[in-house]
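Data from data.cif: mmCIF, C-alpha atoms
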```
data_start
loop_
_atom_site.label_atom_id
_atom_site.label_comp_id
_atom_site.auth_asym_id
_atom_site.auth_seq_id
_atom_site.Cartn_x
_atom_site.Cartn_y
_atom_site.Cartn_z
CA MET A 1 -4.67 0.69 3.14
CA SER A 2 -6.03 -2.67 4.36
CA SER A 3 -9.53 -1.94 3.04
CA TYR A 4 -8.01 -1.02 -0.33
CA ASN A 5 -6.07 -4.30 -0.49
CA SER A 6 -9.17 -6.25 0.52
CA LYS A 7 -11.21 -4.66 -2.27
CA GLU A 8 -8.39 -5.26 -4.75
CA ASN A 9 -8.12 -8.95 -3.76
CA LYS A 10 -11.88 -9.46 -4.16
CA SER A 11 -11.76 -7.95 -7.64
CA LYS A 12 -8.79 -10.16 -8.54
CA VAL A 13 -10.64 -13.32 -7.43
CA LEU A 14 -13.68 -12.29 -9.44
CA TYR A 15 -11.59 -11.75 -12.58
CA HIS A 16 -10.02 -15.21 -12.21
CA ILE A 17 -13.43 -16.89 -11.75
CA VAL A 18 -14.86 -15.14 -14.82
CA PHE A 19 -11.83 -16.06 -16.94
CA TRP A 20 -11.86 -19.79 -16.12
CA ALA A 21 -15.66 -19.95 -16.38
CA PHE A 22 -15.35 -18.46 -19.85
CA LEU A 23 -12.78 -21.09 -20.88
CA MET A 24 -14.89 -23.93 -19.48
CA SER A 25 -17.95 -22.73 -21.39
CA LEU A 26 -16.20 -22.46 -24.76
CA PRO A 27 -16.59 -26.15 -25.74
CA LEU A 28 -20.33 -25.92 -25.06
CA VAL A 29 -20.60 -22.82 -27.24
CA ILE A 30 -18.49 -24.14 -30.11
CA PHE A 31 -20.34 -27.42 -30.58
CA ARG A 32 -24.04 -27.48 -31.29
CA GLU A 33 -26.25 -28.62 -28.48
CA GLY A 34 -27.37 -31.79 -30.23
CA THR A 35 -23.79 -32.96 -30.88
CA ILE A 36 -22.40 -32.41 -27.36
CA ASP A 37 -21.04 -35.51 -25.68
CA TYR A 38 -20.36 -34.35 -22.11
CA LYS A 39 -18.01 -37.25 -21.36
CA ASP A 40 -16.02 -36.34 -24.44
CA VAL A 41 -15.99 -32.65 -23.46
CA LEU A 42 -14.89 -33.56 -19.92
CA ARG A 43 -11.99 -35.73 -21.08
CA HIS A 44 -10.69 -33.72 -24.01
CA ASN A 45 -11.59 -30.11 -23.17
CA TRP A 46 -12.26 -29.60 -19.49
CA ALA A 47 -9.52 -31.94 -18.27
CA PRO A 48 -6.75 -30.02 -20.13
CA ILE A 49 -8.21 -26.74 -18.87
CA LEU A 50 -8.10 -28.04 -15.30
CA VAL A 51 -4.48 -29.13 -15.85
CA PHE A 52 -3.62 -25.67 -17.14
CA ALA A 53 -5.39 -24.10 -14.16
CA PHE A 54 -3.41 -26.32 -11.80
CA LEU A 55 -0.11 -25.38 -13.46
CA PHE A 56 -1.05 -21.71 -13.44
CA TYR A 57 -2.04 -21.52 -9.77
CA ILE A 58 0.72 -23.73 -8.37
CA ASN A 59 3.11 -21.24 -9.94
CA TYR A 60 1.09 -18.09 -9.34
CA LEU A 61 0.32 -18.83 -5.68
CA TRP A 62 3.47 -20.69 -4.64
CA LEU A 63 6.40 -21.60 -6.89
CA ILE A 64 7.13 -18.13 -8.33
CA ASP A 65 7.34 -16.50 -4.91
CA ALA A 66 8.91 -19.45 -3.09
CA CYS A 67 11.50 -20.30 -5.72
CA PHE A 68 11.81 -17.93 -8.66
CA TYR A 69 11.93 -14.71 -6.61
CA ASN A 70 13.67 -16.38 -3.67
CA LYS A 71 16.96 -17.27 -5.41
CA ARG A 72 15.87 -20.88 -6.01
CA LYS A 73 15.38 -20.79 -9.77
CA LYS A 74 16.91 -24.24 -10.15
CA TRP A 75 14.15 -25.75 -8.01
CA PHE A 76 11.58 -23.68 -9.85
CA ILE A 77 12.64 -25.24 -13.15
CA ILE A 78 12.97 -28.78 -11.73
CA LEU A 79 9.54 -28.79 -10.08
CA ASN A 80 7.81 -27.33 -13.13
CA VAL A 81 9.49 -29.80 -15.50
CA ALA A 82 8.49 -32.66 -13.21
CA VAL A 83 4.87 -31.53 -13.13
CA ILE A 84 4.83 -31.02 -16.90
CA VAL A 85 6.29 -34.50 -17.53
CA VAL A 86 3.76 -36.16 -15.21
CA PHE A 87 0.80 -34.46 -16.84
CA GLY A 88 2.29 -34.96 -20.30
CA VAL A 89 2.56 -38.72 -19.75
CA ILE A 90 -0.98 -38.88 -18.35
CA ASN A 91 -2.29 -36.84 -21.26
CA PHE A 92 -0.47 -39.02 -23.80
CA LEU A 93 -1.56 -42.33 -22.29
CA VAL A 94 -5.11 -41.46 -21.34
CA LEU A 95 -6.22 -38.76 -23.75
CA ASP A 96 -4.15 -38.81 -26.92
CA PHE A 97 -4.85 -42.50 -27.57
CA THR A 98 -8.57 -42.00 -27.11
CA PRO A 99 -9.23 -39.17 -29.56
CA PRO A 100 -12.41 -37.14 -29.16
CA LYS A 101 -15.41 -38.10 -31.27
CA HIS A 102 -15.54 -34.76 -32.98
CA LEU A 103 -12.05 -35.31 -34.51
CA PRO A 104 -11.98 -37.18 -37.85
CA GLU A 105 -10.28 -40.56 -37.82
CA PRO A 106 -7.27 -39.39 -39.91
CA GLY A 107 -6.46 -37.00 -37.09
CA GLY A 108 -6.57 -39.86 -34.63
CA MET A 109 -4.32 -41.96 -36.88
CA LEU A 110 -1.86 -39.09 -37.11
CA ARG A 111 -1.83 -38.81 -33.32
CA ARG A 112 -0.96 -42.49 -32.98
CA ARG A 113 1.69 -42.46 -35.71
CA ASN A 114 3.58 -39.38 -34.41
CA PRO A 115 3.55 -39.61 -30.60
CA ILE A 116 6.71 -37.48 -30.22
CA LEU A 117 5.09 -34.65 -32.14
CA PHE A 118 2.07 -34.66 -29.87
CA ILE A 119 4.21 -34.98 -26.72
CA LEU A 120 6.06 -31.86 -27.88
CA LYS A 121 2.73 -30.18 -28.57
CA ASP A 122 1.48 -31.03 -25.06
CA PHE A 123 4.73 -29.81 -23.56
CA LEU A 124 4.40 -26.43 -25.26
CA LEU A 125 0.76 -26.14 -24.22
CA THR A 126 1.55 -26.90 -20.58
CA VAL A 127 4.39 -24.36 -20.56
CA THR A 128 1.93 -21.63 -21.61
CA PRO A 129 0.06 -21.29 -18.26
CA ILE A 130 3.43 -21.18 -16.46
CA LEU A 131 4.60 -18.32 -18.65
CA ILE A 132 1.29 -16.52 -18.18
CA ALA A 133 1.58 -16.95 -14.40
CA MET A 134 5.12 -15.53 -14.49
CA LEU A 135 4.08 -12.54 -16.60
CA LEU A 136 1.07 -11.81 -14.39
CA LYS A 137 3.09 -12.21 -11.18
CA SER A 138 5.86 -10.02 -12.55
CA SER A 139 3.34 -7.34 -13.51
CA GLU A 140 1.69 -7.43 -10.08
CA ARG A 141 5.09 -7.36 -8.40
CA ASN A 142 6.14 -4.29 -10.39
CA ILE A 143 2.86 -2.56 -9.56
CA GLN A 144 3.33 -3.35 -5.87
CA LEU A 145 6.94 -2.13 -5.91
CA GLU A 146 5.85 1.09 -7.61
CA ARG A 147 3.07 1.55 -5.05
CA GLU A 148 5.52 1.00 -2.18
CA ARG A 149 7.97 3.43 -3.77
CA LYS A 150 5.26 6.08 -3.99
CA GLU A 151 4.26 5.42 -0.38
CA VAL A 152 7.88 5.94 0.71
CA GLU A 153 8.06 9.14 -1.35
CA THR A 154 4.81 10.33 0.22
CA ARG A 155 6.06 9.63 3.73
CA ASN A 156 9.35 11.39 2.96
CA LEU A 157 7.42 14.31 1.51
CA GLU A 158 5.21 14.55 4.59
CA THR A 159 8.25 14.37 6.87
CA GLU A 160 10.05 17.09 4.91
CA LEU A 161 6.98 19.33 4.86
CA GLN A 162 6.50 18.82 8.58
CA GLY A 163 10.13 19.76 9.13
CA LEU A 164 9.70 22.91 7.05
CA LYS A 165 6.59 23.80 9.02
CA TYR A 166 8.42 23.35 12.32
CA GLN A 167 11.29 25.43 10.94
CA LEU A 168 8.93 28.25 10.01
CA LYS A 169 7.33 28.56 13.46
CA PRO A 170 10.57 29.22 15.42
CA HIS A 171 11.64 31.61 12.66
CA PHE A 172 8.42 33.58 13.09
CA PHE A 173 8.71 33.49 16.88
CA PHE A 174 12.33 34.63 16.75
CA ASN A 175 11.42 37.64 14.57
CA SER A 176 8.56 38.53 16.91
CA LEU A 177 10.84 38.39 19.97
CA ASN A 178 13.27 40.72 18.20
CA ASN A 179 10.43 43.17 17.68
CA ILE A 180 9.44 42.97 21.35
CA TYR A 181 13.05 43.43 22.43
CA SER A 182 13.39 46.59 20.34
CA LEU A 183 10.21 48.03 21.87
CA ILE A 184 10.87 47.26 25.54
CA GLU A 185 13.28 50.18 25.98
CA THR A 186 11.64 52.72 23.65
CA SER A 187 7.97 51.95 24.26
CA PRO A 188 7.12 49.51 27.09
CA VAL A 189 3.38 49.97 26.53
CA LYS A 190 3.67 48.93 22.88
CA ALA A 191 5.82 46.01 23.94
CA GLN A 192 3.01 44.82 26.19
CA GLU A 193 0.55 45.13 23.28
CA VAL A 194 2.87 43.09 21.08
CA VAL A 195 3.17 40.33 23.68
CA HIS A 196 -0.63 40.17 23.98
CA ALA A 197 -1.08 40.08 20.20
CA LEU A 198 1.66 37.50 19.88
CA SER A 199 -0.12 35.19 22.33
CA LYS A 200 -3.16 35.15 20.03
CA LEU A 201 -1.01 34.30 17.05
CA MET A 202 0.83 31.56 18.92
CA ARG A 203 -2.50 29.94 19.75
CA TYR A 204 -3.18 29.58 16.02
CA LEU A 205 0.36 28.31 15.39
CA LEU A 206 0.15 25.70 18.13
CA TYR A 207 -3.38 24.37 17.72
CA ASP A 208 -4.60 25.09 14.18
CA THR A 209 -1.61 24.54 11.90
CA GLY A 210 -0.99 20.88 12.68
CA ARG A 211 -3.10 19.81 9.70
CA ASP A 212 -1.88 19.46 6.13
CA LYS A 213 -4.31 22.15 5.00
CA VAL A 214 -6.37 24.86 6.66
CA LEU A 215 -9.19 27.05 5.43
CA LEU A 216 -7.78 29.98 3.50
CA LYS A 217 -10.01 32.37 5.45
CA ASP A 218 -8.41 31.20 8.72
CA ASP A 219 -4.92 31.76 7.35
CA ILE A 220 -6.00 35.20 6.11
CA ASN A 221 -7.25 36.06 9.60
CA PHE A 222 -3.85 35.03 10.97
CA LEU A 223 -2.10 37.28 8.43
CA LYS A 224 -4.34 40.21 9.37
CA GLN A 225 -3.48 39.77 13.04
CA TYR A 226 0.21 39.48 12.19
CA ILE A 227 0.07 42.66 10.08
CA GLU A 228 -1.59 44.50 12.97
CA LEU A 229 1.08 43.15 15.30
CA MET A 230 3.87 44.39 13.05
CA GLN A 231 2.27 47.81 12.67
CA ILE A 232 2.63 48.44 16.40
CA ARG A 233 6.42 48.77 16.14
CA LEU A 234 6.45 50.83 12.92
CA SER A 235 6.90 54.57 12.78
CA LYS A 236 4.37 56.93 11.25
CA ASN A 237 6.53 57.11 8.14
CA THR A 238 5.38 53.62 7.08
CA SER A 239 1.95 53.14 5.55
CA VAL A 240 0.57 49.57 5.70
CA SER A 241 -2.55 48.38 3.85
CA TYR A 242 -3.98 45.16 2.50
CA SER A 243 -6.76 43.81 0.31
CA PHE A 244 -7.75 40.21 0.89
CA GLN A 245 -10.54 38.76 -1.21
CA GLU A 246 -13.14 36.86 0.79
CA VAL A 247 -12.65 33.13 0.15
CA LYS A 248 -14.71 30.75 2.28
CA GLU A 249 -14.20 27.16 1.16
CA GLU A 250 -10.73 27.07 -0.38
CA GLU A 251 -7.98 25.26 1.55
CA VAL A 252 -4.23 25.91 1.54
CA PRO A 253 -1.18 24.66 3.47
CA PRO A 254 -0.89 26.65 6.71
CA LEU A 255 1.37 29.71 6.91
CA LEU A 256 2.17 29.56 3.20
CA PHE A 257 2.30 33.36 2.76
CA LEU A 258 3.85 34.25 6.12
CA SER A 259 7.44 34.53 4.91
CA MET A 260 6.39 36.90 2.09
CA VAL A 261 4.67 39.18 4.62
CA GLU A 262 7.64 38.99 6.99
CA ASN A 263 10.06 39.98 4.24
CA SER A 264 7.97 43.01 3.29
CA PHE A 265 8.07 44.30 6.83
CA LYS A 266 11.73 43.44 7.19
CA HIS A 267 12.96 45.13 4.02
CA GLY A 268 10.21 47.61 3.16
CA ALA A 269 9.87 49.69 6.34
CA SER A 270 11.99 52.66 7.35
CA SER A 271 12.02 54.63 10.57
CA SER A 272 13.16 57.84 8.89
CA LEU A 273 12.05 57.70 5.26
CA PRO A 274 8.51 57.49 3.86
CA SER A 275 7.70 53.88 3.01
CA GLU A 276 4.73 51.85 1.91
CA ILE A 277 3.74 48.22 2.37
CA PHE A 278 0.78 46.62 0.60
CA PHE A 279 -0.57 43.05 0.50
CA LYS A 280 -3.16 41.63 -1.86
CA LEU A 281 -4.81 38.21 -2.15
CA SER A 282 -7.22 37.37 -4.95
CA MET A 283 -8.73 34.46 -6.84
CA LEU A 284 -8.71 34.46 -10.63
CA GLU A 285 -10.62 31.45 -11.96
CA ASP A 286 -8.58 28.49 -10.68
CA LYS A 287 -5.56 30.57 -9.59
CA LEU A 288 -4.76 31.89 -6.15
CA ILE A 289 -2.67 35.07 -6.37
CA PHE A 290 -0.80 36.60 -3.45
CA GLU A 291 1.14 39.82 -4.00
CA THR A 292 3.32 41.96 -1.77
CA LYS A 293 4.53 45.48 -2.56
CA ASN A 294 6.91 47.48 -0.44
CA THR A 295 9.19 50.44 -0.86
CA ASN A 296 12.48 49.21 -2.20
CA PHE A 297 15.36 49.80 0.18
CA PRO A 298 18.30 47.98 -1.45
CA LYS A 299 20.47 46.09 0.98
CA ASN A 300 23.96 47.36 1.57
CA LYS A 301 26.58 44.86 0.40
CA ASP A 302 28.05 44.85 3.90
CA ASP A 303 24.66 44.14 5.48
CA GLN A 304 24.63 40.47 6.52
CA SER A 305 21.34 40.63 8.42
CA GLY A 306 18.73 38.06 7.62
CA SER A 307 19.33 34.35 7.27
CA GLY A 308 17.12 33.86 4.21
CA ILE A 309 15.35 30.97 5.90
CA GLY A 310 11.93 32.37 5.04
CA ASN A 311 12.58 32.57 1.29
CA GLU A 312 14.21 29.14 1.15
CA ASN A 313 11.39 27.66 3.19
CA LEU A 314 8.72 29.15 0.93
CA LEU A 315 10.36 27.97 -2.29
CA LYS A 316 10.96 24.46 -0.95
CA ARG A 317 7.38 24.13 0.28
CA LEU A 318 6.02 25.31 -3.07
CA GLU A 319 8.16 22.80 -4.95
CA LEU A 320 6.93 19.98 -2.72
CA LEU A 321 3.28 21.00 -2.48
CA TYR A 322 2.65 22.44 -5.95
CA PRO A 323 5.22 20.99 -8.38
CA SER A 324 4.83 22.70 -11.78
CA LYS A 325 1.73 24.48 -10.47
CA PHE A 326 3.15 27.71 -9.09
CA TYR A 327 4.75 30.88 -10.39
CA LEU A 328 6.91 33.07 -8.15
CA GLN A 329 8.37 36.34 -9.40
CA SER A 330 10.04 39.35 -7.82
CA LYS A 331 10.76 42.67 -9.53
CA VAL A 332 11.27 46.38 -8.87
CA VAL A 333 8.81 48.83 -10.46
CA ASP A 334 8.93 52.57 -9.67
CA ASP A 335 10.98 52.03 -6.51
CA MET A 336 8.51 49.39 -5.30
CA TYR A 337 9.70 45.84 -4.69
CA ILE A 338 6.94 43.51 -5.89
CA VAL A 339 6.67 39.77 -5.23
CA THR A 340 3.91 37.81 -6.96
CA LEU A 341 2.96 34.23 -6.19
CA GLU A 342 0.43 32.42 -8.39
CA ILE A 343 -0.77 28.93 -7.49
CA SER A 344 -2.93 26.73 -9.69
CA LEU A 345 -5.51 25.00 -7.51
CA ILE A 346 -6.57 22.44 -10.12
CA GLU A 347 -6.00 18.91 -8.75
#
```
As C-alpha cells, please, write out the structure in this file.
Amino acid sequence: MSSYNSKENKSKVLYHIVFWAFLMSLPLVIFREGTIDYKDVLRHNWAPILVFAFLFYINYLWLIDACFYNKRKKWFIILNVAVIVVFGVINFLVLDFTPPKHLPEPGGMLRRRNPILFILKDFLLTVTPILIAMLLKSSERNIQLERERKEVETRNLETELQGLKYQLKPHFFFNSLNNIYSLIETSPVKAQEVVHALSKLMRYLLYDTGRDKVLLKDDINFLKQYIELMQIRLSKNTSVSYSFQEVKEEEVPPLLFLSMVENSFKHGASSSLPSEIFFKLSMLEDKLIFETKNTNFPKNKDDQSGSGIGNENLLKRLELLYPSKFYLQSKVVDDMYIVTLEISLIE
C-alpha cells in the first residue's frame, strides 16, 4: 500500500508541475517573439499566475484540511478573504495602474476610471483557484474514502471467508469421526484404515488450505482421497465412481466442493438398497463445472439429522468469492439427485 501511495504522489506532483509550466508558457506562446517584453510578462502575466498558485496551494495543502474539513469554516473564510484582499490591493496599486504595453491606451483609461469594476474582477479571479482547490481536494477526499471503504469491505470479506473455512474443517472432521465411530464396533480393521486415511487428509487441511487459493489439481487429489476414505465404510450395495478432468494450472478456493461430496455420501448411500454415487469435474471454455449424482433417498419428515452447515457454507462462500459468476442447481432425474455447480473463471 505504501509503494502505491508513493507512486500516486509522484504522479500527482508531476501533473501539478506540468500544469503550472503550461500556464507560465502561455504568454510566451501568445505573443510573437519580437514583441515580448519579459518585464511586462513578469508583472502582468506571471505575477498573477504566481498569486493564483499561492492561493491554490495554501488552500490545497493547508487551509481546506485544517479549517474547512475540521469544523473551522469561519476561519477558512476569514483567512481566504484576508489573503484575497491583500493581493487585490497589491494588484490594484501595483499592476492595474501600470497597464501592460500590449493593452491599448483606452483599456488603460478604462481601468483607471472604473477601479471598483477591476477590483471586483480581481476578486473573482482570485476566488477561482480557491474553488478549484476545494473541488480537487473534495474529489481526492471522496476517492480516498471510497478506497478506504473498499479496503474495509475486503478485510471483512477475508475475515468472513476465513471463518467459513474454519467452520468447514471441524464439520468435515466431525463427520469423519462419526464414520470411524460407526466402524469401530462392526469392523475394527476398517476403522484403523479410516484413521490412517484421515491423517493424510488432515495434513492437507492443516498445512495446504491456509491460502486464499490452491491449485485445482491439489484439491482434486484431496477429493479423491476423501472419496476413497468414505468408500471404506460403505456396503457393497453402493457403487461410487468419479471423473475428474486433468487441470494443471487453474486455481480455486480450497475445499470448495467438499460439502457437495459429503452430501452425496450422506444422502445417497444405503446399506440395504442398491445405490449409486458419481462425481464429475470438467472445464468448458472459461467455466468450471462440478456435478454430483446420487440415488435419491428422500428424507423422512421426522428425520432431523444433518445441520445443513455444509450447504449454507457452500452458498455463502460462492456469494462472497464469485458474486454473479456462479450457477448452482439441484434436481431429481430418474430417481437420481443431481447437483450442478458452474463457476465462471473470467476475472
### Task
Evaluate the PyMOL selection byres ((chain A and resi 336) around 6) on the structure here and hand back the selected residues as a list of chain:residue names.
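Residues picked by the PyMOL selection byres ((chain A and resi 336) around 6): A:Asn294, A:Thr295, A:Asn296, A:Val332, A:Val333, A:Asp334, A:Asp335, A:Tyr337.
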### Query
What does the distance from CA of Leu136 (chain A) to CA of Phe56 (chain A) come to in Å, to one decimal?
10.2 Å
Residues returned when the PyMOL selection byres ((chain A and resi 247) around 9) runs on this file, as a PDB file with C-alpha atoms, keeping the file's coordinate frame:
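In the end it all went to selection_13.pdb:
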```
ATOM      1  CA  LEU A 215      -9.190  27.050   5.430  1.00  0.00           C
ATOM      2  CA  LEU A 216      -7.780  29.980   3.500  1.00  0.00           C
ATOM      3  CA  LYS A 217     -10.010  32.370   5.450  1.00  0.00           C
ATOM      4  CA  PHE A 244      -7.750  40.210   0.890  1.00  0.00           C
ATOM      5  CA  GLN A 245     -10.540  38.760  -1.210  1.00  0.00           C
ATOM      6  CA  GLU A 246     -13.140  36.860   0.790  1.00  0.00           C
ATOM      7  CA  LYS A 248     -14.710  30.750   2.280  1.00  0.00           C
ATOM      8  CA  GLU A 249     -14.200  27.160   1.160  1.00  0.00           C
ATOM      9  CA  GLU A 250     -10.730  27.070  -0.380  1.00  0.00           C
ATOM     10  CA  SER A 282      -7.220  37.370  -4.950  1.00  0.00           C
ATOM     11  CA  MET A 283      -8.730  34.460  -6.840  1.00  0.00           C
TER      12      MET A 283
END
```
### Query
Which distance in Å separates CA of Leu63 (chain A) and CA of Phe76 (chain A), to one decimal?
6.3 Å
### Residues near Gln144 (chain A), cut-off 12 Å, only C-alpha atoms, skip fewer than 6 positions along chain, as a list in words
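The contact residues come out as Asn5, Glu8, Lys137, Ser138, Lys150 and Glu151 of chain A.
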Mind writing the picked residues with C-alpha atoms as an mmCIF file, keeping the file's coordinate frame?
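Here's the written file out-v8.cif:
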```
data_model
loop_
_atom_site.group_PDB
_atom_site.id
_atom_site.type_symbol
_atom_site.label_atom_id
_atom_site.label_comp_id
_atom_site.auth_asym_id
_atom_site.auth_seq_id
_atom_site.Cartn_x
_atom_site.Cartn_y
_atom_site.Cartn_z
ATOM 1 C CA ASN A 5 -6.070 -4.300 -0.490
ATOM 2 C CA GLU A 8 -8.390 -5.260 -4.750
ATOM 3 C CA LYS A 137 3.090 -12.210 -11.180
ATOM 4 C CA SER A 138 5.860 -10.020 -12.550
ATOM 5 C CA LYS A 150 5.260 6.080 -3.990
ATOM 6 C CA GLU A 151 4.260 5.420 -0.380
#
```
### Task
Enumerate, as a VMD selection string, the residues matched when the PyMOL selection byres ((chain A and resi 59) around 12) is run on the file above.
chain A and resid 52 to 58 60 to 69 76 to 77 79 to 80 83 127 to 138
### Query
Which one is closest to Ser270 (chain A): A:Ser11, A:Thr238, A:Thr292, A:Ser243? Count all atoms listed in the file.
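Checking each candidate against Ser270 (chain A), we get A:Thr238 as the closest.
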